[in-house]
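*Asks:* This is the structure, below, for whatever I ask next.
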Amino acid sequence: MNWAFLQGLVSGVSKYSTGFGRIWLSVVFVFRLLVYVVAAEKVWGDDQKEFVCNTRQPGCTNVCYDSVFPVSHIRLWALQLILVTCPSMLVLMHVVYREERERKQRLKDGERYKRIYASTGKKDGGLWWTYIISLIIKAGIDGVFLYVFHMLYENYDMPRLVKCSLAPCPNTVDCFIARPTEKKIFTLFMVGSTAVCIILNLCELFYLIMHKCRKLAANRRNTNNRNMLLFYSHDVASCDDTDPLSKEKEAARNMQLLPEISVVDHSK
């Protein structure tokens with residue numbers, strides 16, 4: 001399977017991601033996608049052919065293989081990689097939507113054009129929520145697949161010998177899995193990299209929420225300071241209006257201006 005298109009699309013999201021997001025992309029493509037393409041597909045490529053049972057009963061081997069591997073590791077990992085990278089496309093699509101709005105507004109207003117967004121890639125407003133939702137979805141998808149793997153293959157184990165007594169097997173037969181140690185190592189590696197991705201998603205989610213809370217607190221503090229300044233200025237102005245001394249000073253200042261005004265009037 002050619003994964004280049006997926007890598008090209010999701011890599012475009014890196015410039016709109018935080019540091020945690022860039023690390024997540026690196027882990028996905030280096031420790032998950034690259035390992036999957038280079039090694040994992042070859043390890044499980046001939047798995048059914050090398051699954052051997054000590055019986056020649058027609059259909060017994062196929063039934064036992066299906067009971068041991070109800071879902072292929074390779075196909076399950078491929079589905080997981082596709083689903084876990086799709087939420088990142090939501091962020092990219094939202095940025096493209098913003099850029100298109102800016103372009104239409106520029107064409108509509110011409111010289112009077114004013115930007116709708118300070119930066120189309122800045123994580124604020126709707127884009128912030130899109131990014132948060134994408135993180136939750138990615139962590140949820142990886143968590144669900146970890147649970148599915150644990151339910152299908154208990155403790156992510158890969159036994160060397162499997163007992164099978166399903167029909168049409170004549171009795172309890174012994175079946176042997178090809179390269180069980182190698183498969184177990186790859187399974188644990190993929191599970192570990194998935195767990196790292198979940199931790200990175202949660203760290204990025206916590207970072208964005210805390211950054212947003214600090215920003216809101218700073219804005220509220222600035223608003224309160226402005227309101228207090230306006231209130232203080234209003235109080236000073238009202239005190240000046242009601243202060244008799246200030247009124248007397250204003251009257252005296254006007255009386256001083258009267259001679260000047262009268263002189264000017266006589267000259268005219």
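Every chain in the structure tokens has a letter given in the order shown (A, B, ...), and although residue numbers restart at 1 in each chain, ligands are simply numbered from 1 in the order shown.
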Could you find all residues in stretch 54-165 of chain A that DSSP calls strand (DSSP E or B) from the backbone, and write them as a PyMOL selection string?
*Replies:* chain A and resi 161-164
*Asks:* Residues near A:Pro170, anyone? I mean within 10 Å using only C-alpha atoms, not counting same-chain ones fewer than 4 positions away, as a VMD selection string.
*Replies:* chain A and resid 55 to 57 60 165 to 166
*Asks:* Counting only C-alpha atoms, which residues in stretch 108-225 of chain A sit no more than 12 Å from stretch 17-34 of chain A? For each one, give the nearest pair of atoms and the distance in Å, sorted by chain then residue number, as a Markdown table.
*Replies:*
| residue | atom | partner | partner_atom | distance |
| --- | --- | --- | --- | --- |
| A:Gly121 | CA | A:Ser17 | CA | 9.3 |
| A:Lys122 | CA | A:Ser17 | CA | 9.7 |
| A:Lys123 | CA | A:Ser17 | CA | 9.0 |
| A:Leu127 | CA | A:Ser17 | CA | 11.5 |
| A:Trp128 | CA | A:Ser17 | CA | 11.0 |
| A:Tyr131 | CA | A:Ser17 | CA | 8.8 |
| A:Ile132 | CA | A:Ser17 | CA | 11.2 |
| A:Ser134 | CA | A:Gly21 | CA | 11.1 |
| A:Leu135 | CA | A:Gly21 | CA | 9.2 |
| A:Lys138 | CA | A:Trp24 | CA | 10.6 |
| A:Ala139 | CA | A:Trp24 | CA | 11.1 |
| A:Asp142 | CA | A:Val28 | CA | 11.4 |
| A:Phe186 | CA | A:Arg32 | CA | 10.3 |
| A:Thr187 | CA | A:Arg32 | CA | 11.0 |
| A:Leu188 | CA | A:Arg32 | CA | 11.8 |
| A:Phe189 | CA | A:Phe31 | CA | 8.6 |
| A:Met190 | CA | A:Arg32 | CA | 6.5 |
| A:Val191 | CA | A:Arg32 | CA | 9.6 |
| A:Gly192 | CA | A:Phe31 | CA | 9.8 |
| A:Ser193 | CA | A:Phe31 | CA | 6.6 |
| A:Thr194 | CA | A:Arg32 | CA | 8.0 |
| A:Ala195 | CA | A:Val27 | CA | 10.8 |
| A:Val196 | CA | A:Val27 | CA | 8.1 |
| A:Cys197 | CA | A:Trp24 | CA | 5.9 |
| A:Ile198 | CA | A:Trp24 | CA | 8.9 |
| A:Ile199 | CA | A:Trp24 | CA | 9.4 |
| A:Leu200 | CA | A:Phe20 | CA | 6.1 |
| A:Asn201 | CA | A:Trp24 | CA | 7.5 |
| A:Leu202 | CA | A:Phe20 | CA | 9.5 |
| A:Cys203 | CA | A:Phe20 | CA | 7.3 |
| A:Glu204 | CA | A:Phe20 | CA | 5.5 |
| A:Leu205 | CA | A:Phe20 | CA | 9.3 |
| A:Phe206 | CA | A:Phe20 | CA | 10.6 |
| A:Tyr207 | CA | A:Phe20 | CA | 8.9 |
| A:Leu208 | CA | A:Thr18 | CA | 8.8 |
| A:His211 | CA | A:Thr18 | CA | 11.7 |
*Asks:* Pick out the closest residue to A:Cys53 from this set: A:Ile137, A:Ile185, A:Leu216, A:Leu161. Count only C-alpha atoms.
*Replies:*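 Closest residue, counting only C-alpha atoms: A:Leu161.
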*Asks:* Separation of atom CA of A:Lys163 and atom CA of A:Cys175, in Å?
*Replies:*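 We find that atom CA of A:Lys163 and atom CA of A:Cys175 lie 6.3 Å from each other.
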*Asks:* How many Å lie between atom CA of A:Met151 and atom CA of A:Pro70, rounded to one decimal?
*Replies:* 11.0 Å
*Asks:* Using only C-alpha atoms, pick whichever of A:Glu102, A:Asp66, A:Asp174, A:Glu41 has the shortest atom-to-atom distance to A:Asn54.
*Replies:*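 Looking only at the distances to A:Asn54, the closest residue turns out to be A:Asp174.
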*Asks:* Any chance you could list, as a count of residues only, the residues in stretch 38-255 of chain A that come up helix (DSSP H, G or I) when DSSP is run on the backbone?
*Replies:* 160
*Asks:* What's around stretch 78-82 of chain A at 7 Å? Count only C-alpha atoms, leave out sequence neighbours fewer than 4 positions away in its own chain, and write the answer as a list in words.
*Replies:*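 Those residues are Ile74, Cys86 and Phe145 of chain A.
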*Asks:* Could you tell me which of A:Val173, A:Ala178, A:Ile136, A:Val13 comes closest to A:Val84 if we count only C-alpha atoms?
*Replies:*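 Ranking A:Val173, A:Ala178, A:Ile136, A:Val13 by distance to A:Val84, first place goes to A:Ile136.
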*Asks:* With a distance cut-off of 12 Å and only C-alpha atoms, select the neighbouring residues of A:Arg101, excluding the residue or stretch itself and same-chain residues fewer than 4 positions from it, and output the selection as number ranges by chain.
*Replies:* A: 94-97, 105-108, 114-117, 120
*Asks:* Do you know which residues are at most 8 Å from A:His73 counting only C-alpha atoms, after dropping those on the same chain fewer than 4 positions away, and could you put them as a list in words?
*Replies:*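 These residues fall inside the cut-off: Trp44, Phe69 and Trp77 of chain A.
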*Asks:* Taking into account only C-alpha atoms, which residue in the set A:Leu146, A:Val52, A:Leu83, A:Leu92 is nearest to A:Tyr65?
*Replies:*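 Nearest candidate to A:Tyr65 out of A:Leu146, A:Val52, A:Leu83, A:Leu92: A:Val52.
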*Asks:* Can you pull out the residues contacting A:Leu152? Cut-off 9 Å, using only C-alpha atoms, and skip same-chain residues under 2 positions away; I want them as a list of chain:residue names.
*Replies:*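 Residues near the query, excluding close chain neighbours: A:Val68, A:Phe69, A:Pro70, A:Val71, A:Tyr147, A:Val148, A:Phe149, A:His150, A:Glu154, A:Tyr156.
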